[in-house]
$ cat target06.tsv   # TSV, C-alpha atoms
chain	number	residue	atom	x	y	z
A	19	MET	CA	128.79	61.98	-86.82
A	20	ALA	CA	127.99	65.46	-88.13
A	21	ARG	CA	129.20	68.60	-86.33
A	22	HIS	CA	126.53	71.29	-86.25
A	23	PHE	CA	126.79	75.06	-85.68
A	24	LEU	CA	123.59	76.19	-83.99
A	25	THR	CA	125.18	78.66	-81.56
A	26	LEU	CA	128.67	80.06	-81.09
A	27	LEU	CA	129.08	77.68	-78.14
A	28	ASP	CA	129.22	74.73	-80.57
A	29	LEU	CA	132.86	75.74	-81.12
A	30	SER	CA	135.45	75.63	-78.36
A	31	GLY	CA	137.58	78.73	-77.84
A	32	ASP	CA	140.49	77.16	-79.74
A	33	GLU	CA	138.20	76.01	-82.56
A	34	LEU	CA	136.71	79.51	-82.83
A	35	ASN	CA	140.17	81.04	-83.05
A	36	GLY	CA	141.07	78.53	-85.76
A	37	VAL	CA	137.99	79.37	-87.83
A	38	ILE	CA	138.72	83.11	-87.54
A	39	GLU	CA	142.36	82.61	-88.56
A	40	ARG	CA	141.27	80.50	-91.54
A	41	ALA	CA	138.66	83.11	-92.53
A	42	ILE	CA	141.37	85.78	-92.63
A	43	GLU	CA	143.57	83.41	-94.67
A	44	LEU	CA	140.76	82.62	-97.14
A	45	LYS	CA	140.10	86.36	-97.55
A	46	ALA	CA	143.76	86.94	-98.39
A	47	LEU	CA	143.85	84.01	-100.84
A	48	ARG	CA	140.79	85.34	-102.67
A	49	ALA	CA	142.38	88.79	-102.89
A	50	GLN	CA	145.39	87.14	-104.54
A	51	GLY	CA	143.18	85.22	-106.96
A	52	ILE	CA	144.15	81.85	-105.46
A	53	ALA	CA	141.28	79.34	-105.54
A	54	THR	CA	140.57	76.78	-102.81
A	55	GLU	CA	138.00	74.18	-103.78
A	56	PRO	CA	137.43	71.68	-100.94
A	57	PHE	CA	133.73	71.51	-101.82
A	58	ARG	CA	134.08	70.24	-105.39
A	59	ASP	CA	130.97	68.12	-106.17
A	60	LYS	CA	129.46	69.11	-102.80
A	61	VAL	CA	126.03	70.74	-102.42
A	62	LEU	CA	124.74	73.10	-99.73
A	63	GLY	CA	120.99	73.14	-99.08
A	64	MET	CA	119.84	76.65	-98.09
A	65	ILE	CA	116.46	76.69	-96.31
A	66	PHE	CA	115.01	80.18	-95.91
A	67	GLU	CA	111.95	80.69	-93.71
A	68	LYS	CA	113.03	84.35	-93.38
A	69	SER	CA	114.31	86.36	-96.34
A	70	SER	CA	117.78	87.92	-96.43
A	71	THR	CA	120.16	89.52	-98.91
A	72	ARG	CA	123.54	89.08	-97.20
A	73	THR	CA	122.88	85.53	-95.99
A	74	ARG	CA	121.89	84.16	-99.39
A	75	VAL	CA	124.61	85.95	-101.32
A	76	SER	CA	127.38	85.10	-98.85
A	77	PHE	CA	126.55	81.38	-98.59
A	78	GLU	CA	125.83	80.92	-102.30
A	79	ALA	CA	128.94	82.83	-103.39
A	80	GLY	CA	131.01	81.03	-100.76
A	81	MET	CA	130.04	77.58	-102.02
A	82	ALA	CA	130.70	78.59	-105.63
A	83	GLN	CA	134.14	79.96	-104.74
A	84	MET	CA	135.03	76.68	-102.97
A	85	GLY	CA	134.03	74.56	-105.96
A	86	GLY	CA	130.58	73.50	-104.75
A	87	SER	CA	127.03	74.59	-105.44
A	88	ALA	CA	123.99	75.66	-103.42
A	89	ILE	CA	120.26	75.03	-103.68
A	90	PHE	CA	117.96	77.84	-102.52
A	91	LEU	CA	114.74	76.63	-100.86
A	92	SER	CA	112.18	79.34	-100.12
A	93	PRO	CA	109.27	78.99	-97.63
A	94	ARG	CA	107.10	77.87	-100.57
A	95	ASP	CA	109.52	75.00	-101.27
A	96	THR	CA	109.78	73.54	-97.78
A	97	GLN	CA	107.13	74.69	-95.27
A	98	LEU	CA	109.05	73.24	-92.36
A	99	GLY	CA	106.64	72.10	-89.67
A	100	ARG	CA	103.56	73.10	-91.65
A	101	GLY	CA	103.51	70.24	-94.10
A	102	GLU	CA	106.08	67.49	-93.73
A	103	PRO	CA	107.33	67.08	-90.14
A	104	ILE	CA	110.70	68.74	-89.51
A	105	GLU	CA	112.23	65.41	-88.56
A	106	ASP	CA	111.20	63.86	-91.90
A	107	SER	CA	112.46	66.86	-93.87
A	108	ALA	CA	115.80	66.52	-92.11
A	109	ARG	CA	116.05	62.80	-92.91
A	110	VAL	CA	115.25	63.33	-96.60
A	111	ILE	CA	117.19	66.52	-97.34
A	112	SER	CA	120.34	65.39	-95.49
A	113	ARG	CA	120.49	62.25	-97.68
A	114	MET	CA	120.70	64.45	-100.79
A	115	VAL	CA	123.02	67.32	-99.87
A	116	ASP	CA	126.33	67.62	-98.01
A	117	MET	CA	125.49	70.48	-95.65
A	118	VAL	CA	122.37	72.46	-94.71
A	119	MET	CA	121.96	76.08	-93.61
A	120	ILE	CA	118.64	77.21	-92.16
A	121	ARG	CA	117.32	80.74	-91.59
A	122	THR	CA	114.18	80.41	-89.54
A	123	PHE	CA	112.10	81.69	-86.62
A	124	GLY	CA	112.06	79.25	-83.70
A	125	HIS	CA	115.46	77.96	-82.57
A	126	ASN	CA	113.81	74.63	-81.76
A	127	VAL	CA	113.30	74.11	-85.52
A	128	LEU	CA	117.07	74.07	-85.96
A	129	GLU	CA	117.61	71.76	-83.02
A	130	ARG	CA	115.02	69.26	-84.25
A	131	PHE	CA	116.37	69.38	-87.81
A	132	ALA	CA	119.96	68.89	-86.60
A	133	GLN	CA	118.96	65.93	-84.40
A	134	TYR	CA	117.80	63.99	-87.46
A	135	SER	CA	120.29	65.29	-90.04
A	136	ARG	CA	123.13	63.15	-91.39
A	137	VAL	CA	125.08	66.24	-92.44
A	138	PRO	CA	126.20	69.45	-90.69
A	139	VAL	CA	123.48	72.01	-90.00
A	140	ILE	CA	124.30	75.74	-89.75
A	141	ASN	CA	122.17	78.34	-87.99
A	142	ALA	CA	121.95	81.19	-90.49
A	143	LEU	CA	119.66	83.07	-88.04
A	144	SER	CA	116.94	82.12	-85.62
A	145	ASP	CA	114.87	84.23	-83.24
A	146	SER	CA	117.32	83.29	-80.48
A	147	TYR	CA	120.79	83.43	-82.08
A	148	HIS	CA	122.72	84.74	-85.10
A	149	PRO	CA	126.11	83.04	-84.70
A	150	CYS	CA	127.32	83.42	-88.31
A	151	GLN	CA	127.12	87.19	-87.94
A	152	LEU	CA	129.26	86.95	-84.80
A	153	LEU	CA	131.94	85.01	-86.69
A	154	ALA	CA	132.12	87.93	-89.14
A	155	ASP	CA	132.10	90.50	-86.32
A	156	ILE	CA	134.92	88.77	-84.44
A	157	GLN	CA	136.95	88.42	-87.65
A	158	THR	CA	136.48	92.14	-88.29
A	159	PHE	CA	137.65	93.13	-84.82
A	160	VAL	CA	140.69	90.84	-85.08
A	161	GLU	CA	141.60	92.37	-88.45
A	162	HIS	CA	141.33	95.96	-87.17
A	163	ARG	CA	142.35	95.75	-83.51
A	164	GLY	CA	143.70	92.25	-82.78
A	165	SER	CA	142.40	89.78	-80.20
A	166	PRO	CA	139.17	90.78	-78.42
A	167	ARG	CA	140.31	88.97	-75.25
A	168	GLY	CA	140.19	91.32	-72.25
A	169	LYS	CA	138.50	94.10	-74.24
A	170	VAL	CA	135.30	95.94	-73.35
A	171	VAL	CA	132.40	95.55	-75.78
A	172	ALA	CA	129.17	97.58	-75.62
A	173	TRP	CA	125.89	96.38	-77.09
A	174	VAL	CA	123.38	99.23	-77.42
A	175	GLY	CA	119.80	98.18	-78.18
A	176	ASP	CA	117.37	95.29	-78.01
A	177	GLY	CA	118.23	92.10	-76.12
A	178	ASN	CA	117.61	90.12	-79.30
A	179	ASN	CA	119.27	87.25	-81.18
A	180	MET	CA	122.32	89.41	-81.96
A	181	CYS	CA	122.62	90.39	-78.31
A	182	HIS	CA	122.40	86.71	-77.28
A	183	SER	CA	125.18	85.88	-79.73
A	184	TYR	CA	127.33	88.71	-78.35
A	185	ILE	CA	126.84	87.19	-74.89
A	186	ASN	CA	128.09	83.84	-76.20
A	187	ALA	CA	131.00	85.63	-77.89
A	188	ALA	CA	131.94	87.18	-74.53
A	189	ARG	CA	132.16	83.65	-73.10
A	190	ARG	CA	134.21	82.22	-75.95
A	191	CYS	CA	136.48	85.24	-76.53
A	192	ASP	CA	136.74	86.27	-72.85
A	193	PHE	CA	135.76	89.94	-73.13
A	194	GLU	CA	133.53	92.12	-70.95
A	195	LEU	CA	130.13	92.84	-72.47
A	196	ARG	CA	127.97	95.75	-71.31
A	197	ILE	CA	124.42	95.74	-72.62
A	198	ALA	CA	122.40	98.99	-72.69
A	199	CYS	CA	118.69	98.37	-73.21
A	200	PRO	CA	115.39	99.87	-72.02
A	201	GLU	CA	113.36	98.06	-69.37
A	202	GLY	CA	111.29	95.31	-70.95
A	203	TYR	CA	113.80	94.66	-73.76
A	204	GLU	CA	116.43	92.69	-71.85
A	205	PRO	CA	118.12	89.54	-73.23
A	206	ASP	CA	117.09	86.09	-71.99
A	207	GLU	CA	117.87	85.81	-68.28
A	208	ALA	CA	119.28	82.27	-68.55
A	209	ILE	CA	121.67	83.23	-71.36
A	210	VAL	CA	122.88	86.23	-69.33
A	211	ALA	CA	123.27	84.16	-66.16
A	212	ALA	CA	125.33	81.50	-67.97
A	213	ALA	CA	127.88	84.16	-68.91
A	214	GLY	CA	128.52	85.08	-65.27
A	215	ASP	CA	130.22	88.36	-64.45
A	216	ARG	CA	131.42	88.91	-68.01
A	217	VAL	CA	128.02	90.45	-68.85
A	218	SER	CA	126.18	93.36	-67.23
A	219	ILE	CA	123.00	95.26	-68.13
A	220	VAL	CA	122.69	99.04	-67.79
A	221	ARG	CA	119.98	101.51	-68.79
A	222	LYS	CA	122.06	104.40	-70.13
A	223	PRO	CA	123.95	103.89	-73.42
A	224	ALA	CA	126.79	106.20	-72.30
A	225	GLU	CA	127.35	103.99	-69.26
A	226	ALA	CA	127.78	100.94	-71.49
A	227	VAL	CA	130.01	102.70	-74.02
A	228	ARG	CA	132.33	104.40	-71.49
A	229	GLY	CA	135.81	102.93	-71.99
A	230	ALA	CA	134.61	100.44	-74.64
A	231	ASP	CA	136.83	99.17	-77.45
A	232	TRP	CA	133.98	97.89	-79.63
A	233	VAL	CA	130.42	99.22	-79.90
A	234	ALA	CA	127.62	97.40	-81.73
A	235	THR	CA	123.92	97.89	-82.32
A	236	ASP	CA	121.04	96.60	-84.44
A	237	VAL	CA	117.69	97.87	-85.73
A	238	TRP	CA	115.08	98.60	-83.05
A	239	ALA	CA	112.39	96.44	-84.72
A	240	SER	CA	113.62	93.24	-86.36
A	241	MET	CA	111.87	91.18	-89.02
A	242	GLY	CA	108.51	90.01	-87.64
A	243	GLN	CA	108.26	92.95	-85.20
A	244	GLU	CA	106.86	95.48	-87.68
A	245	THR	CA	103.65	95.92	-85.66
A	246	GLU	CA	105.77	97.08	-82.70
A	247	GLN	CA	107.61	99.71	-84.78
A	248	GLN	CA	106.14	102.84	-83.16
A	249	GLU	CA	106.20	101.41	-79.63
A	250	ARG	CA	109.86	100.45	-80.06
A	251	LYS	CA	110.75	103.88	-81.47
A	252	ARG	CA	109.46	105.45	-78.26
A	253	ALA	CA	111.28	102.93	-76.03
A	254	PHE	CA	114.62	103.24	-77.84
A	255	GLN	CA	114.56	106.97	-78.70
A	256	SER	CA	117.58	107.70	-76.46
A	257	PHE	CA	119.57	104.73	-77.80
A	258	LEU	CA	120.93	106.31	-80.99
A	259	VAL	CA	124.62	105.52	-81.54
A	260	ASP	CA	126.35	108.61	-82.97
A	261	HIS	CA	129.64	110.47	-82.65
A	262	GLU	CA	128.58	111.99	-79.34
A	263	LEU	CA	127.92	108.56	-77.81
A	264	MET	CA	131.14	107.14	-79.31
A	265	SER	CA	133.07	109.99	-77.64
A	266	HIS	CA	132.61	108.05	-74.37
A	267	ALA	CA	134.44	105.02	-75.83
A	268	ASN	CA	138.19	104.42	-75.83
A	269	SER	CA	140.28	106.12	-78.48
A	270	GLY	CA	140.40	103.75	-81.45
A	271	ALA	CA	137.09	102.06	-80.64
A	272	VAL	CA	135.26	100.55	-83.63
A	273	PHE	CA	131.56	100.62	-84.46
A	274	MET	CA	129.69	97.61	-85.92
A	275	HIS	CA	126.16	96.99	-87.22
A	276	CYS	CA	124.94	93.74	-88.78
A	277	LEU	CA	122.87	95.71	-91.37
A	278	PRO	CA	120.51	96.72	-92.81
A	279	ALA	CA	120.79	99.98	-90.86
A	280	HIS	CA	118.10	102.58	-90.27
A	281	ARG	CA	120.05	105.84	-90.42
A	282	GLY	CA	118.76	108.35	-87.87
A	283	GLU	CA	117.22	105.65	-85.67
A	284	GLU	CA	119.68	103.24	-84.04
A	285	VAL	CA	122.72	104.83	-85.77
A	286	SER	CA	123.43	108.25	-87.27
A	287	GLY	CA	124.27	108.37	-90.96
A	288	GLU	CA	127.43	110.36	-90.18
A	289	LEU	CA	128.79	107.65	-87.86
A	290	LEU	CA	127.88	104.82	-90.23
A	291	GLU	CA	129.87	106.51	-93.02
A	292	ASP	CA	132.84	107.52	-90.82
A	293	GLU	CA	135.45	104.98	-91.92
A	294	ASP	CA	137.79	105.99	-89.07
A	295	ILE	CA	135.29	104.41	-86.63
A	296	SER	CA	132.74	102.39	-88.60
A	297	VAL	CA	133.88	99.00	-89.94
A	298	VAL	CA	130.43	97.87	-91.12
A	299	TRP	CA	131.43	97.25	-94.75
A	300	ASP	CA	134.33	94.97	-93.78
A	301	GLU	CA	131.93	93.33	-91.30
A	302	ALA	CA	129.41	92.69	-94.08
A	303	GLU	CA	132.06	91.28	-96.44
A	304	ASN	CA	133.42	89.01	-93.73
A	305	ARG	CA	130.18	87.02	-93.65
A	306	LEU	CA	131.50	85.47	-96.88
A	307	HIS	CA	134.95	84.55	-95.57
A	308	ALA	CA	133.88	83.52	-92.05
A	309	GLN	CA	131.17	81.19	-93.38
A	310	LYS	CA	133.58	79.62	-95.89
A	311	ALA	CA	135.96	78.87	-93.02
A	312	LEU	CA	133.08	77.54	-90.91
A	313	MET	CA	131.82	75.20	-93.66
A	314	GLU	CA	135.35	73.92	-94.24
A	315	PHE	CA	135.71	73.27	-90.48
A	316	LEU	CA	132.38	71.43	-90.23
A	317	GLN	CA	133.22	69.24	-93.24
A	318	GLU	CA	136.64	68.35	-91.83
A	319	HIS	CA	135.25	67.53	-88.36
A	320	SER	CA	132.26	65.43	-89.47
A	321	SER	CA	132.41	61.74	-90.20
$ encode --input "target06.tsv" --output "structure tokens"
Amino acid sequence: MARHFLTLLDLSGDELNGVIERAIELKALRAQGIATEPFRDKVLGMIFEKSSTRTRVSFEAGMAQMGGSAIFLSPRDTQLGRGEPIEDSARVISRMVDMVMIRTFGHNVLERFAQYSRVPVINALSDSYHPCQLLADIQTFVEHRGSPRGKVVAWVGDGNNMCHSYINAARRCDFELRIACPEGYEPDEAIVAAAGDRVSIVRKPAEAVRGADWVATDVWASMGQETEQQERKRAFQSFLVDHELMSHANSGAVFMHCLPAHRGEEVSGELLEDEDISVVWDEAENRLHAQKALMEFLQEHSS
């Protein structure tokens, strides 16, 4: 049976720790020029309903570095749900490749595809969750500050797919998550409720950041929300993360952003470039290493 990775909760706490440790190990091996090729003769199918730079490069480079190859399928090549039924696409594609990653809109597309797939399916982003980014974020925190267990994490911004994944990370890593968002932009109530008292929602960013060890944000208008750009700018105008806001955090707190960043909107350019606080470039690189470790885990735990 194939193991899938549709949300962070598909890994137990111990499994998540193991993937993070392996990601750090794979990063070190690559720095030493030591090759690991568990995917020789294996093929990853990459289905993109939404475009992305980091996702394509990190998965494609990761498969090449591990001895395998990847096939890029654009919306023109697949048309999931608009031509062939998703279930049929899953049956056909999973007989031809060894693993599938999907970047799409509705999370139900991933769930339906995974239900009929013979091989592991990875959520490379849906409207509900972005778990691969959280693997990279957790790896980055561990590298810079050690275990996130018992720490305070602040999410400043929209209650979007990244926010939902941070909520799941709070459950798996056992940290306190404070979410600062304007009224009307809260995360899904059921996802918040499932996390219990680990997660709270506040309206003032400084209240969320006070005493935090890790501060994260995202763009105010994600892909597909372009028509809401001006409305969201008004709603989030007091949610800029800059040095003044970070001054409320603990000494040594780190700043993360999944990128691309809009300097002067959700984050100041000065903070983004301040390498004493901002770890966004390590965070971006770690998509590569975390996903390599994830793919290795899924292959080893699928029959």
$ residues_around --input "target06.tsv" --residues "segment 274-285 of chain A" --least-positions-apart "3" --cutoff "6 Å" --atoms "only C-alpha atoms" --output "JSON, numbers by chain"
{"A": [234, 235, 236, 237, 258, 259, 260, 297, 298]}
$ closest_residue --input "target06.tsv" --among "A:Ala53, A:Cys150, A:Val160, A:Leu143" --to "Asn179 of chain A" --atoms "all atoms listed in the file"
A:Leu143
$ closest_residue --input "target06.tsv" --among "A:Ser76, A:Asn186, A:Asn304, A:Ser30" --to "Glu43 of chain A" --atoms "all atoms listed in the file"
A:Asn304
$ atom_distance --input "target06.tsv" --atom1 "atom CA of Leu26 of chain A" --atom2 "atom CA of Thr54 of chain A"
25.0 Å
$ atom_distance --input "target06.tsv" --atom1 "atom CA of Ala267 of chain A" --atom2 "atom CA of Gly214 of chain A"
23.3 Å
$ atom_distance --input "target06.tsv" --atom1 "atom CA of Arg221 of chain A" --atom2 "atom CA of Thr25 of chain A"
26.7 Å
$ closest_residue --input "target06.tsv" --among "A:Val170, A:Ile209, A:Ile65, A:Val37" --to "Glu318 of chain A" --atoms "only C-alpha atoms"
A:Val37
$ closest_residue --input "target06.tsv" --among "A:Leu24, A:Val233, A:Ala172, A:Ile219" --to "Arg130 of chain A" --atoms "all atoms listed in the file"
A:Leu24
$ closest_residue --input "target06.tsv" --among "A:Ala224, A:Val171, A:Ala20, A:Ala211" --to "Val272 of chain A" --atoms "only C-alpha atoms"
A:Val171
$ closest_residue --input "target06.tsv" --among "A:Gly202, A:Gly287, A:Pro223, A:Gly85" --to "Ala253 of chain A" --atoms "only C-alpha atoms"
A:Gly202
$ build_atoms --input "target06.tsv" --residues "segment 190-201 of chain A" --atoms "N, CA and C atoms" --output "short mmCIF file (atom, residue, chain, number, x, y, z; two decimals), in the coordinates of the input"
data_model
loop_
_atom_site.label_atom_id
_atom_site.label_comp_id
_atom_site.auth_asym_id
_atom_site.auth_seq_id
_atom_site.Cartn_x
_atom_site.Cartn_y
_atom_site.Cartn_z
N ARG A 190 133.19 82.90 -75.17
CA ARG A 190 134.21 82.22 -75.95
C ARG A 190 135.47 83.05 -76.13
N CYS A 191 135.33 84.38 -76.26
CA CYS A 191 136.48 85.24 -76.53
C CYS A 191 137.02 85.91 -75.26
N ASP A 192 136.31 85.74 -74.15
CA ASP A 192 136.74 86.27 -72.85
C ASP A 192 136.88 87.79 -72.87
N PHE A 193 135.79 88.47 -73.26
CA PHE A 193 135.76 89.94 -73.13
C PHE A 193 134.58 90.34 -72.24
N GLU A 194 134.63 91.59 -71.77
CA GLU A 194 133.53 92.12 -70.95
C GLU A 194 132.47 92.71 -71.86
N LEU A 195 131.24 92.33 -71.65
CA LEU A 195 130.13 92.84 -72.47
C LEU A 195 129.18 93.64 -71.60
N ARG A 196 128.96 94.90 -71.99
CA ARG A 196 127.97 95.75 -71.31
C ARG A 196 126.80 95.96 -72.26
N ILE A 197 125.63 95.64 -71.79
CA ILE A 197 124.42 95.74 -72.62
C ILE A 197 123.58 96.92 -72.12
N ALA A 198 123.29 97.87 -73.02
CA ALA A 198 122.40 98.99 -72.69
C ALA A 198 121.08 98.77 -73.40
N CYS A 199 120.01 98.59 -72.62
CA CYS A 199 118.69 98.37 -73.21
C CYS A 199 117.62 98.96 -72.30
N PRO A 200 116.48 99.37 -72.86
CA PRO A 200 115.39 99.87 -72.02
C PRO A 200 114.77 98.73 -71.22
N GLU A 201 114.08 99.08 -70.14
CA GLU A 201 113.36 98.06 -69.37
C GLU A 201 112.32 97.38 -70.25
#
